[in-house]
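> CSV, C-alpha atoms and all ligand atoms, file protein.csv:
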chain,number,residue,atom,x,y,z
F,29,MET,CA,-27.4,-89.2,-5.8
F,30,SER,CA,-24.2,-88.4,-7.6
F,31,VAL,CA,-22.8,-85.2,-9.2
F,32,ASN,CA,-21.3,-84.8,-12.7
F,33,PHE,CA,-18.0,-83.0,-13.1
F,34,LYS,CA,-19.6,-79.8,-14.5
F,35,ASP,CA,-21.9,-79.4,-11.4
F,36,PHE,CA,-19.0,-80.2,-9.1
F,37,CYS,CA,-17.0,-77.4,-10.8
F,38,GLY,CA,-20.1,-75.1,-10.4
F,39,TYR,CA,-20.0,-75.7,-6.7
F,40,LEU,CA,-16.3,-75.0,-6.5
F,41,ALA,CA,-17.0,-71.6,-8.3
F,42,GLU,CA,-19.7,-70.8,-5.7
F,43,ILE,CA,-17.4,-71.6,-2.8
F,44,TYR,CA,-14.7,-69.4,-4.4
F,45,GLN,CA,-17.1,-66.5,-4.6
F,46,ASP,CA,-18.2,-66.9,-1.0
F,47,LEU,CA,-14.8,-67.2,0.5
F,48,GLN,CA,-13.4,-64.2,-1.3
F,49,LEU,CA,-14.9,-62.2,1.5
F,50,ASN,CA,-12.9,-64.1,4.1
F,51,LYS,CA,-9.9,-62.0,4.9
F,52,SER,CA,-8.8,-63.6,8.1
F,53,GLY,CA,-5.3,-64.9,8.8
F,54,LYS,CA,-1.8,-63.6,8.1
F,55,VAL,CA,0.7,-64.1,5.3
F,56,ALA,CA,3.9,-65.9,6.3
F,57,SER,CA,6.6,-63.6,7.3
F,58,TYR,CA,9.6,-65.7,8.2
F,59,ILE,CA,11.3,-64.7,4.9
F,60,PRO,CA,11.0,-61.3,3.3
F,61,GLU,CA,10.0,-62.8,-0.1
F,62,LEU,CA,6.9,-64.4,1.3
F,63,LYS,CA,5.9,-61.2,3.2
F,64,LYS,CA,5.7,-59.4,-0.2
F,65,VAL,CA,2.9,-61.5,-1.8
F,66,ASN,CA,-0.5,-60.1,-2.5
F,67,PRO,CA,-2.7,-61.5,0.3
F,68,GLU,CA,-5.9,-61.3,-1.8
F,69,GLN,CA,-4.8,-64.0,-4.3
F,70,PHE,CA,-7.1,-66.9,-4.3
F,71,ALA,CA,-7.4,-69.9,-6.7
F,72,ILE,CA,-8.9,-73.3,-6.8
F,73,SER,CA,-8.0,-76.0,-9.4
F,74,VAL,CA,-9.1,-79.5,-9.9
F,75,CYS,CA,-7.9,-82.3,-12.1
F,76,THR,CA,-9.5,-85.8,-12.3
F,77,THR,CA,-7.6,-89.0,-12.7
F,78,ASP,CA,-9.1,-89.2,-16.2
F,79,GLY,CA,-7.7,-85.8,-17.1
F,80,GLN,CA,-10.7,-83.4,-16.8
F,81,GLN,CA,-9.6,-80.0,-15.5
F,82,PHE,CA,-11.2,-76.9,-14.1
F,83,SER,CA,-9.8,-73.8,-12.4
F,84,VAL,CA,-11.2,-70.6,-10.9
F,85,GLY,CA,-9.6,-67.4,-9.6
F,86,ASP,CA,-5.9,-66.6,-9.8
F,87,TYR,CA,-4.9,-70.0,-11.0
F,88,LYS,CA,-2.0,-68.6,-13.1
F,89,ALA,CA,-0.5,-66.9,-10.0
F,90,ARG,CA,2.8,-68.5,-9.0
F,91,PHE,CA,3.8,-69.5,-5.5
F,92,CYS,CA,6.6,-71.5,-4.1
F,93,MET,CA,6.1,-75.1,-3.1
F,94,GLN,CA,7.7,-74.8,0.4
F,95,SER,CA,6.6,-77.8,2.4
F,96,MET,CA,4.4,-79.0,-0.4
F,97,VAL,CA,7.5,-80.5,-2.1
F,98,LYS,CA,8.1,-82.8,0.9
F,99,PRO,CA,5.9,-85.8,-0.4
F,100,VAL,CA,7.8,-85.6,-3.7
F,101,LEU,CA,11.2,-85.7,-1.9
F,102,TYR,CA,10.0,-88.6,0.1
F,103,ALA,CA,8.7,-90.4,-3.0
F,104,LEU,CA,12.1,-89.9,-4.8
F,105,ALA,CA,14.0,-91.2,-1.8
F,106,LEU,CA,11.7,-94.3,-1.6
F,107,GLU,CA,12.0,-95.0,-5.4
F,108,GLU,CA,15.8,-94.9,-5.2
F,109,ASN,CA,16.5,-96.5,-1.8
F,110,GLY,CA,13.5,-98.7,-1.0
F,111,LEU,CA,11.2,-98.6,2.0
F,112,SER,CA,13.3,-100.3,4.6
F,113,HIS,CA,16.5,-98.3,3.9
F,114,VAL,CA,14.6,-95.0,3.9
F,115,HIS,CA,13.0,-95.8,7.2
F,116,LYS,CA,16.3,-96.6,8.8
F,117,HIS,CA,16.8,-92.8,8.6
F,118,VAL,CA,13.4,-91.3,9.1
F,119,GLY,CA,10.3,-92.4,11.2
F,120,ARG,CA,6.7,-92.4,10.2
F,121,GLU,CA,4.9,-91.1,13.4
F,122,PRO,CA,3.3,-87.7,13.7
F,123,SER,CA,5.7,-85.6,15.8
F,124,GLY,CA,3.0,-83.7,17.7
F,125,LYS,CA,5.4,-80.8,17.4
F,126,ASN,CA,5.9,-77.8,15.2
F,127,PHE,CA,7.2,-78.5,11.6
F,128,ASN,CA,10.6,-77.1,12.4
F,129,GLU,CA,10.9,-78.2,16.0
F,130,LEU,CA,14.4,-79.1,17.1
F,131,THR,CA,13.6,-82.6,18.1
F,132,LEU,CA,14.1,-86.2,17.1
F,133,ASN,CA,12.4,-89.5,18.0
F,134,ASP,CA,13.6,-92.0,20.6
F,135,GLU,CA,15.9,-93.5,18.0
F,136,GLY,CA,17.5,-90.2,17.2
F,137,LEU,CA,15.7,-89.9,13.8
F,138,PRO,CA,13.3,-87.3,12.4
F,139,HIS,CA,9.7,-88.2,13.2
F,140,ASN,CA,8.5,-88.3,9.7
F,141,PRO,CA,9.3,-87.1,6.1
F,142,MET,CA,6.6,-84.3,6.2
F,143,ILE,CA,8.4,-82.1,8.7
F,144,ASN,CA,11.6,-80.2,8.0
F,145,ALA,CA,14.0,-82.6,9.6
F,146,GLY,CA,12.5,-85.5,7.7
F,147,ALA,CA,12.5,-83.7,4.4
F,148,ILE,CA,16.1,-82.8,4.9
F,149,MET,CA,16.7,-86.5,5.5
F,150,SER,CA,14.8,-87.4,2.2
F,151,CYS,CA,17.1,-84.9,0.4
F,152,SER,CA,20.2,-86.8,1.7
F,153,MET,CA,18.8,-89.9,-0.1
F,154,ILE,CA,18.2,-88.4,-3.5
F,155,LYS,CA,20.8,-89.2,-6.2
F,156,ARG,CA,23.5,-89.7,-3.6
F,157,LYS,CA,26.3,-90.0,-6.1
F,158,ALA,CA,25.2,-87.2,-8.4
F,159,ASN,CA,26.4,-83.6,-8.4
F,160,PRO,CA,24.2,-80.8,-7.0
F,161,ALA,CA,22.8,-79.8,-10.4
F,162,SER,CA,21.8,-83.3,-11.3
F,163,LYS,CA,20.1,-83.8,-7.9
F,164,PHE,CA,18.0,-80.7,-8.4
F,165,ASN,CA,17.2,-81.6,-12.0
F,166,HIS,CA,16.0,-85.0,-10.8
F,167,ILE,CA,13.4,-83.3,-8.6
F,168,MET,CA,12.3,-81.0,-11.4
F,169,LYS,CA,12.1,-83.8,-13.8
F,170,ALA,CA,9.7,-85.8,-11.5
F,171,LEU,CA,7.5,-82.6,-11.1
F,172,HIS,CA,7.5,-81.9,-14.9
F,173,GLU,CA,6.6,-85.5,-15.7
F,174,LEU,CA,3.9,-85.8,-13.0
F,175,SER,CA,2.2,-82.6,-14.2
F,176,ASN,CA,3.0,-82.8,-17.9
F,177,SER,CA,3.9,-79.1,-17.6
F,178,GLN,CA,7.1,-77.1,-18.1
F,179,LYS,CA,5.5,-74.2,-16.1
F,180,ILE,CA,7.4,-75.3,-13.0
F,181,THR,CA,10.3,-72.9,-12.3
F,182,PHE,CA,12.8,-71.9,-9.6
F,183,ASN,CA,12.5,-68.7,-7.6
F,184,ASN,CA,16.0,-67.6,-6.9
F,185,ALA,CA,15.0,-64.7,-4.6
F,186,VAL,CA,13.1,-67.2,-2.4
F,187,TYR,CA,16.0,-69.6,-2.4
F,188,ASN,CA,18.4,-66.8,-1.3
F,189,SER,CA,16.0,-65.7,1.4
F,190,GLU,CA,15.6,-69.3,2.6
F,191,LYS,CA,19.3,-69.9,2.7
F,192,ASP,CA,20.0,-66.6,4.6
F,193,THR,CA,17.4,-67.2,7.3
F,194,ALA,CA,17.9,-70.9,7.7
F,195,ASP,CA,19.4,-71.1,11.2
F,196,ARG,CA,16.8,-73.6,12.4
F,197,ASN,CA,17.3,-75.9,9.4
F,198,TYR,CA,21.0,-75.8,9.8
F,199,ALA,CA,20.5,-76.6,13.5
F,200,LEU,CA,18.3,-79.5,12.5
F,201,GLY,CA,21.0,-80.7,10.1
F,202,TYR,CA,23.8,-80.6,12.7
F,203,PHE,CA,21.5,-82.1,15.4
F,204,MET,CA,20.8,-85.1,13.1
F,205,ARG,CA,24.5,-85.4,12.2
F,206,GLU,CA,25.4,-85.4,15.9
F,207,HIS,CA,23.0,-88.3,16.3
F,208,HIS,CA,24.4,-90.2,13.3
F,209,ALA,CA,21.0,-90.1,11.7
F,210,PHE,CA,22.1,-89.5,8.1
F,211,PRO,CA,23.3,-92.3,5.7
F,212,LYS,CA,27.1,-92.7,5.8
F,213,ASN,CA,29.1,-90.0,3.9
F,214,THR,CA,26.3,-87.6,3.6
F,215,ASP,CA,27.4,-84.1,2.7
F,216,LEU,CA,25.3,-81.9,5.1
F,217,HIS,CA,25.7,-78.6,3.2
F,218,GLN,CA,24.8,-80.1,-0.2
F,219,THR,CA,21.8,-81.8,1.4
F,220,LEU,CA,20.5,-78.6,3.1
F,221,ASN,CA,21.1,-76.7,-0.1
F,222,LEU,CA,19.0,-79.2,-2.1
F,223,TYR,CA,16.3,-78.8,0.5
F,224,PHE,CA,16.3,-75.0,0.2
F,225,GLN,CA,16.2,-75.3,-3.6
F,226,ALA,CA,13.3,-77.7,-3.5
F,227,CYS,CA,11.3,-75.4,-1.2
F,228,SER,CA,11.9,-72.6,-3.8
F,229,ILE,CA,10.3,-74.4,-6.8
F,230,GLU,CA,7.4,-72.4,-8.1
F,231,LEU,CA,4.1,-73.3,-9.8
F,232,ASN,CA,0.5,-72.4,-9.9
F,233,THR,CA,-2.7,-74.2,-8.8
F,234,GLU,CA,-3.5,-75.4,-12.3
F,235,VAL,CA,-0.2,-77.4,-12.4
F,236,LEU,CA,-0.3,-78.4,-8.7
F,237,SER,CA,-3.8,-80.0,-9.2
F,238,VAL,CA,-2.3,-82.2,-11.9
F,239,ILE,CA,0.5,-83.3,-9.5
F,240,ALA,CA,-2.2,-84.0,-6.9
F,241,ALA,CA,-4.2,-86.0,-9.5
F,242,GLY,CA,-0.9,-87.9,-10.2
F,243,PHE,CA,-0.8,-89.0,-6.6
F,244,ALA,CA,-4.5,-89.9,-6.8
F,245,ASN,CA,-3.7,-91.9,-10.0
F,246,ALA,CA,-1.2,-94.2,-8.2
F,247,GLY,CA,1.8,-92.2,-9.3
F,248,SER,CA,1.0,-91.8,-13.0
F,249,CYS,CA,0.4,-88.4,-14.7
F,250,PRO,CA,-3.4,-88.2,-15.4
F,251,LEU,CA,-2.8,-86.4,-18.7
F,252,THR,CA,-0.1,-88.6,-20.3
F,253,ARG,CA,-0.6,-91.9,-18.2
F,254,ARG,CA,3.2,-92.0,-17.8
F,255,GLU,CA,4.2,-93.6,-14.5
F,256,VAL,CA,6.5,-91.4,-12.4
F,257,PHE,CA,6.2,-93.1,-9.0
F,258,LYS,CA,5.3,-96.7,-8.4
F,259,PRO,CA,1.9,-97.4,-6.9
F,260,GLU,CA,3.5,-98.7,-3.7
F,261,THR,CA,5.6,-95.6,-3.4
F,262,THR,CA,2.5,-93.4,-3.9
F,263,LYS,CA,0.5,-95.4,-1.3
F,264,ASN,CA,3.3,-94.8,1.2
F,265,CYS,CA,3.3,-91.1,0.5
F,266,LEU,CA,-0.4,-90.8,0.8
F,267,SER,CA,-0.4,-92.6,4.1
F,268,LEU,CA,2.0,-90.1,5.6
F,269,MET,CA,0.3,-87.2,4.0
F,270,TYR,CA,-2.9,-88.4,5.7
F,271,SER,CA,-1.3,-88.6,9.2
F,272,CYS,CA,1.3,-85.9,9.0
F,273,GLY,CA,0.6,-83.5,6.1
F,274,MET,CA,-1.1,-80.6,7.7
F,275,TYR,CA,1.4,-79.4,10.3
F,276,ASP,CA,-0.1,-79.4,13.9
F,277,TYR,CA,-3.6,-79.7,12.4
F,278,SER,CA,-2.9,-83.1,10.9
F,279,GLY,CA,-4.9,-85.1,13.5
F,280,GLU,CA,-7.9,-82.8,13.2
F,281,TRP,CA,-7.6,-82.7,9.4
F,282,ALA,CA,-7.6,-86.6,9.2
F,283,PHE,CA,-10.6,-86.6,11.6
F,284,SER,CA,-12.7,-84.0,9.9
F,285,ILE,CA,-11.6,-84.0,6.2
F,286,GLY,CA,-10.3,-87.6,6.0
F,287,LEU,CA,-8.1,-87.1,2.9
F,288,PRO,CA,-4.4,-87.1,2.3
F,289,ALA,CA,-3.1,-83.6,1.8
F,290,LYS,CA,0.0,-81.4,2.1
F,291,SER,CA,0.2,-77.7,2.8
F,292,GLY,CA,3.0,-75.1,2.6
F,293,VAL,CA,3.5,-71.8,4.3
F,294,SER,CA,3.3,-70.0,1.0
F,295,GLY,CA,-0.5,-70.6,1.3
F,296,GLY,CA,-1.0,-73.6,-1.0
F,297,ILE,CA,-2.6,-76.9,-0.2
F,298,TYR,CA,-3.1,-80.0,-2.4
F,299,VAL,CA,-5.6,-82.6,-1.5
F,300,VAL,CA,-5.7,-86.1,-3.0
F,301,VAL,CA,-9.0,-88.0,-3.5
F,302,PRO,CA,-7.5,-91.4,-4.3
F,303,ASP,CA,-8.6,-92.8,-7.7
F,304,ARG,CA,-10.7,-89.7,-8.3
F,305,MET,CA,-8.9,-86.4,-8.4
F,306,GLY,CA,-6.5,-83.8,-7.1
F,307,ILE,CA,-7.5,-80.4,-5.8
F,308,ALA,CA,-5.1,-77.5,-5.4
F,309,ILE,CA,-5.9,-74.3,-3.5
F,310,TYR,CA,-3.9,-71.2,-3.1
F,311,SER,CA,-4.6,-68.3,-0.8
F,312,PRO,CA,-1.6,-66.8,1.2
F,313,ARG,CA,-3.3,-65.8,4.5
F,314,LEU,CA,-2.5,-68.5,7.0
F,315,ASP,CA,-4.1,-69.7,10.3
F,316,LYS,CA,-2.0,-70.3,13.5
F,317,HIS,CA,-0.9,-73.7,12.3
F,318,GLY,CA,0.6,-72.3,9.0
F,319,ASN,CA,-2.3,-73.7,6.8
F,320,SER,CA,-4.1,-71.4,4.3
F,321,LEU,CA,-7.3,-70.3,6.0
F,322,ARG,CA,-9.4,-70.1,2.9
F,323,ALA,CA,-8.0,-73.5,1.6
F,324,ILE,CA,-9.1,-75.2,4.8
F,325,GLU,CA,-12.5,-73.6,4.5
F,326,VAL,CA,-12.9,-74.8,0.8
F,327,CYS,CA,-12.1,-78.4,1.9
F,328,LYS,CA,-14.6,-78.2,4.8
F,329,ARG,CA,-17.3,-77.1,2.5
F,330,LEU,CA,-16.5,-79.9,0.0
F,331,VAL,CA,-16.6,-82.6,2.6
F,332,GLU,CA,-19.9,-81.2,4.0
F,333,LYS,CA,-21.6,-81.7,0.7
F,334,TYR,CA,-19.8,-84.6,-1.0
F,335,ASN,CA,-18.9,-88.2,0.0
F,336,LEU,CA,-15.2,-87.5,0.2
F,337,HIS,CA,-14.1,-88.3,3.7
F,338,ASN,CA,-12.2,-91.7,3.8
F,339,TYR,CA,-14.9,-93.1,6.0
F,340,ASP,CA,-18.0,-91.5,4.6
F,341,SER,CA,-18.8,-94.7,2.7
F,342,ILE,CA,-19.7,-96.6,5.9
F,343,LEU,CA,-22.3,-93.9,6.8
F,344,ARG,CA,-24.3,-94.3,3.6
F,345,CYS,CA,-25.2,-90.7,4.3
F,346,PRO,CA,-28.4,-89.9,2.4
F,347,ASN,CA,-27.8,-86.2,2.5
F,348,LYS,CA,-24.3,-86.4,1.0
F,349,ILE,CA,-23.7,-86.5,-2.7
F,350,ASN,CA,-21.4,-89.1,-4.4
F,351,LEU,CA,-18.7,-87.9,-6.8
F,352,PHE,CA,-19.0,-88.6,-10.5
F,353,PRO,CA,-18.2,-92.2,-11.2
K,401,LIG,N1,11.1,-73.6,3.7
K,401,LIG,C1,10.4,-73.7,4.9
K,401,LIG,C2,11.3,-74.1,6.0
K,401,LIG,O1,12.2,-74.9,5.8
K,401,LIG,C3,9.3,-74.7,4.8
K,401,LIG,C4,8.1,-74.0,5.3
K,401,LIG,C5,6.9,-74.8,5.1
K,401,LIG,O2,6.2,-74.6,4.1
K,401,LIG,O3,6.5,-75.5,6.1
K,401,LIG,O4,11.2,-73.5,7.1
Could you quickly redo this structure as structure tokens?

Amino acid sequence: MSVNFKDFCGYLAEIYQDLQLNKSGKVASYIPELKKVNPEQFAISVCTTDGQQFSVGDYKARFCMQSMVKPVLYALALEENGLSHVHKHVGREPSGKNFNELTLNDEGLPHNPMINAGAIMSCSMIKRKANPASKFNHIMKALHELSNSQKITFNNAVYNSEKDTADRNYALGYFMREHHAFPKNTDLHQTLNLYFQACSIELNTEVLSVIAAGFANAGSCPLTRREVFKPETTKNCLSLMYSCGMYDYSGEWAFSIGLPAKSGVSGGIYVVVPDRMGIAIYSPRLDKHGNSLRAIEVCKRLVEKYNLHNYDSILRCPNKINLFP
């Protein structure tokens, strides 16, 4: 049995209604700006690789990307420097540690690009010769092109908050510099600054679902068909999102949900169903790992009902529904 897009959206709307009652979890509080958000906000958006879109809830509510920008930083570093150069400076193993843990792998490199140290490393490899403004514009341009939207902005208050409470990220930067992990002639302060700026980029689920669908669509925007990242780059990003994208819940997520995804402490998650669609969910109350509680619940319910898990296909599950062709 398979579902059409309209019925799939109907089910998303049902899940949305059900989960509004779920008030568990706590809003991130490590910076004052995140503590201030309305915890009741909840939105789900979906965009298919052929450009069909649906949203329910507070899908115009803006939130900052935080760690959700990490796959984009990694993709930009790959496009510019190539796989082998990038991985001379960052590993690709799950760290088994907290996202901001002061730790490096046996070679003195960050474990992977989906944790803070690795994302700071990606920033050191973006437009190395350009000035700070061009580096930031380069990230924004990729996001604008992937989403075909200009509704992606920069939250200066979040940026200032990030910068003022960044002892751990500074410590990670110095720790990596001490271990000669960065490419030669890296300007540490410029690199950290770019990382804080990237975390402070704001969007809503409607736009984020198109970005996720761009990843599902081999790096091309599903609305314009324009290629932003090469398919090879996109594949590498998805592989690391699959193994390392959900903080310390990544192993459990890969096991039970079986899809590449990235979450951020602002309460957003985007999930990529390769060749099919991108799903973006926002709800600021987090679980103990830093993942949005309602968003995880949405994904569990989707995977219960539809053939979405990477390995569902081998089960030929009679009680699960196939997605629209
Ligand atoms: N800006 C945050 C930090 O560097 C990222 C938090 C996150 O979403 O994981 O600590």
> Taking only C-alpha atoms and all ligand atoms into account, report as an MDAnalysis selection string which residues have an atom no farther than 7 Å from an atom of ligand LIG 401 (chain K).
chainID F and resid 94:96 127:128 144 190 197 224 227 291:294
> Each residue of segment 189-248 of chain F lying at most 9 Å from segment 55-63 of chain F should get a row with its shortest atom-to-atom pair and the distance in Å to one decimal, counting all atoms listed in the file; could you produce that, ordered by chain and increasing number, as a Markdown table?

| residue | atom | partner | partner_atom | distance |
| --- | --- | --- | --- | --- |
| F:Ser189 | CA | F:Ile59 | CA | 5.9 |
| F:Glu190 | CA | F:Ile59 | CA | 6.7 |
| F:Asp192 | CA | F:Ile59 | CA | 8.9 |
| F:Thr193 | CA | F:Ile59 | CA | 7.0 |
> So how far away is atom CA of Val300 of chain F from atom CA of Ile349 of chain F, in Å?
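It comes out at 18.0 Å.
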> Considering all atoms listed in the file, can you say which of F:Ala246, F:Met204, F:Ala41, F:Val65 comes closest to Gly295 of chain F?
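Closest to Gly295 of chain F, using all atoms listed in the file: F:Val65.
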> Identify which of the residues F:Thr262, F:Asn319, F:Ser237, F:Asn176 lies closest to Phe82 of chain F, counting all atoms listed in the file when measuring atom-to-atom distances.
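Going through F:Thr262, F:Asn319, F:Ser237, F:Asn176 one by one, the smallest distance to Phe82 of chain F is for F:Ser237.
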> Which residues, written as a count of residues only, have at least one atom at most 10 Å from Gly110 of chain F, with all atoms listed in the file counted and residues fewer than 6 positions away on the same chain left out?
3
> Between F:Leu314, F:Val31, F:Leu47, F:Ala89, which one has atoms that come closest to Asn232 of chain F, using all atoms listed in the file?
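Of F:Leu314, F:Val31, F:Leu47, F:Ala89, the one nearest Asn232 of chain F, counting all atoms listed in the file, is F:Ala89.
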> As a PDB file with C-alpha atoms, keeping the file's coordinate frame, please: the residues near Leu236 of chain F (cut-off 10 Å, all atoms listed in the file, same-chain neighbours under 2 positions excluded).

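Wrote it out as result_10.pdb, contents follow:
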ATOM      1  CA  SER F  73      -8.000 -76.000  -9.400  1.00  0.00           C
ATOM      2  CA  VAL F  74      -9.100 -79.500  -9.900  1.00  0.00           C
ATOM      3  CA  CYS F  75      -7.900 -82.300 -12.100  1.00  0.00           C
ATOM      4  CA  TYR F  87      -4.900 -70.000 -11.000  1.00  0.00           C
ATOM      5  CA  MET F  93       6.100 -75.100  -3.100  1.00  0.00           C
ATOM      6  CA  MET F  96       4.400 -79.000  -0.400  1.00  0.00           C
ATOM      7  CA  LEU F 171       7.500 -82.600 -11.100  1.00  0.00           C
ATOM      8  CA  LEU F 174       3.900 -85.800 -13.000  1.00  0.00           C
ATOM      9  CA  SER F 175       2.200 -82.600 -14.200  1.00  0.00           C
ATOM     10  CA  SER F 177       3.900 -79.100 -17.600  1.00  0.00           C
ATOM     11  CA  ILE F 180       7.400 -75.300 -13.000  1.00  0.00           C
ATOM     12  CA  GLU F 230       7.400 -72.400  -8.100  1.00  0.00           C
ATOM     13  CA  LEU F 231       4.100 -73.300  -9.800  1.00  0.00           C
ATOM     14  CA  ASN F 232       0.500 -72.400  -9.900  1.00  0.00           C
ATOM     15  CA  THR F 233      -2.700 -74.200  -8.800  1.00  0.00           C
ATOM     16  CA  GLU F 234      -3.500 -75.400 -12.300  1.00  0.00           C
ATOM     17  CA  VAL F 238      -2.300 -82.200 -11.900  1.00  0.00           C
ATOM     18  CA  ILE F 239       0.500 -83.300  -9.500  1.00  0.00           C
ATOM     19  CA  ALA F 240      -2.200 -84.000  -6.900  1.00  0.00           C
ATOM     20  CA  ALA F 241      -4.200 -86.000  -9.500  1.00  0.00           C
ATOM     21  CA  GLY F 242      -0.900 -87.900 -10.200  1.00  0.00           C
ATOM     22  CA  GLY F 296      -1.000 -73.600  -1.000  1.00  0.00           C
ATOM     23  CA  ILE F 297      -2.600 -76.900  -0.200  1.00  0.00           C
ATOM     24  CA  TYR F 298      -3.100 -80.000  -2.400  1.00  0.00           C
ATOM     25  CA  VAL F 299      -5.600 -82.600  -1.500  1.00  0.00           C
ATOM     26  CA  GLY F 306      -6.500 -83.800  -7.100  1.00  0.00           C
ATOM     27  CA  ILE F 307      -7.500 -80.400  -5.800  1.00  0.00           C
ATOM     28  CA  ALA F 308      -5.100 -77.500  -5.400  1.00  0.00           C
ATOM     29  CA  ILE F 309      -5.900 -74.300  -3.500  1.00  0.00           C
ATOM     30  CA  TYR F 310      -3.900 -71.200  -3.100  1.00  0.00           C
TER      31      TYR F 310
END
> Between atom CA of Cys265 of chain F and atom CA of Pro99 of chain F, what distance in Å does the model show, to one decimal?
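Interatomic distance here is 6.0 Å.
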> Between F:Glu135, F:Glu107, F:Asp86, F:Glu121, which one has atoms that come closest to Tyr44 of chain F, using all atoms listed in the file?
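Under the stated criterion, the closest residue is F:Asp86.
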> Name all residues at most 9 Å from Ser311 of chain F (count only C-alpha atoms; drop same-chain ones fewer than 6 positions away) and give them as a PyMOL selection string.
chain F and resi 67-72+294-297+320-323
> Might you pull out every residue within 8 Å of Glu173 of chain F, with only C-alpha atoms counted and same-chain residues fewer than 6 positions away left off, and present them as a PyMOL selection string?
chain F and resi 249+254+256
> Could you dump the residues just selected with C-alpha atoms as a CSV table (one decimal), in the frame of the given file?

chain,number,residue,atom,x,y,z
F,249,CYS,CA,0.4,-88.4,-14.7
F,254,ARG,CA,3.2,-92.0,-17.8
F,256,VAL,CA,6.5,-91.4,-12.4
> May I ask which of the residues F:His217, F:Lys88, F:Lys98, F:Lys34 is the closest one to Leu266 of chain F, counting only C-alpha atoms?
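Checking each candidate against Leu266 of chain F, we get F:Lys98 as the closest.
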> Filtering to all heavy atoms, could segment 252-256 of chain F of the supplied structure be written out as a PDB file, in the first residue's frame?

ATOM      1  N   THR F 252      14.062  25.203  -7.664  1.00  0.00           N
ATOM      2  CA  THR F 252      14.658  25.815  -8.868  1.00  0.00           C
ATOM      3  C   THR F 252      15.481  24.817  -9.688  1.00  0.00           C
ATOM      4  O   THR F 252      15.857  25.111 -10.813  1.00  0.00           O
ATOM      5  CB  THR F 252      15.627  26.954  -8.468  1.00  0.00           C
ATOM      6  OG1 THR F 252      16.672  26.361  -7.665  1.00  0.00           O
ATOM      7  CG2 THR F 252      14.942  28.044  -7.677  1.00  0.00           C
ATOM      8  N   ARG F 253      15.804  23.654  -9.065  1.00  0.00           N
ATOM      9  CA  ARG F 253      16.659  22.619  -9.697  1.00  0.00           C
ATOM     10  C   ARG F 253      18.117  23.058  -9.786  1.00  0.00           C
ATOM     11  O   ARG F 253      18.947  22.399 -10.392  1.00  0.00           O
ATOM     12  CB  ARG F 253      16.181  22.235 -11.109  1.00  0.00           C
ATOM     13  CG  ARG F 253      14.759  21.820 -11.202  1.00  0.00           C
ATOM     14  CD  ARG F 253      14.570  20.342 -10.911  1.00  0.00           C
ATOM     15  NE  ARG F 253      13.463  20.154  -9.979  1.00  0.00           N
ATOM     16  CZ  ARG F 253      13.344  19.143  -9.144  1.00  0.00           C
ATOM     17  NH1 ARG F 253      14.258  18.224  -9.094  1.00  0.00           N
ATOM     18  NH2 ARG F 253      12.321  19.042  -8.325  1.00  0.00           N
ATOM     19  N   ARG F 254      18.438  24.201  -9.201  1.00  0.00           N
ATOM     20  CA  ARG F 254      19.808  24.698  -9.277  1.00  0.00           C
ATOM     21  C   ARG F 254      20.722  23.901  -8.348  1.00  0.00           C
ATOM     22  O   ARG F 254      20.386  23.702  -7.173  1.00  0.00           O
ATOM     23  CB  ARG F 254      19.783  26.162  -8.849  1.00  0.00           C
ATOM     24  CG  ARG F 254      21.109  26.821  -8.824  1.00  0.00           C
ATOM     25  CD  ARG F 254      20.946  28.248  -8.377  1.00  0.00           C
ATOM     26  NE  ARG F 254      22.184  28.960  -8.529  1.00  0.00           N
ATOM     27  CZ  ARG F 254      22.274  30.240  -8.717  1.00  0.00           C
ATOM     28  NH1 ARG F 254      21.184  30.969  -8.790  1.00  0.00           N
ATOM     29  NH2 ARG F 254      23.445  30.812  -8.820  1.00  0.00           N
ATOM     30  N   GLU F 255      21.884  23.475  -8.856  1.00  0.00           N
ATOM     31  CA  GLU F 255      22.808  22.699  -8.014  1.00  0.00           C
ATOM     32  C   GLU F 255      23.610  23.639  -7.106  1.00  0.00           C
ATOM     33  O   GLU F 255      24.227  24.584  -7.582  1.00  0.00           O
ATOM     34  CB  GLU F 255      23.762  21.882  -8.888  1.00  0.00           C
ATOM     35  CG  GLU F 255      24.695  21.037  -8.038  1.00  0.00           C
ATOM     36  CD  GLU F 255      25.599  20.108  -8.845  1.00  0.00           C
ATOM     37  OE1 GLU F 255      25.092  19.170  -9.462  1.00  0.00           O
ATOM     38  OE2 GLU F 255      26.822  20.354  -8.827  1.00  0.00           O
ATOM     39  N   VAL F 256      23.565  23.371  -5.809  1.00  0.00           N
ATOM     40  CA  VAL F 256      24.323  24.183  -4.851  1.00  0.00           C
ATOM     41  C   VAL F 256      25.515  23.373  -4.339  1.00  0.00           C
ATOM     42  O   VAL F 256      26.628  23.883  -4.239  1.00  0.00           O
ATOM     43  CB  VAL F 256      23.417  24.621  -3.675  1.00  0.00           C
ATOM     44  CG1 VAL F 256      24.177  25.497  -2.696  1.00  0.00           C
ATOM     45  CG2 VAL F 256      22.192  25.351  -4.208  1.00  0.00           C
TER      46      VAL F 256
END
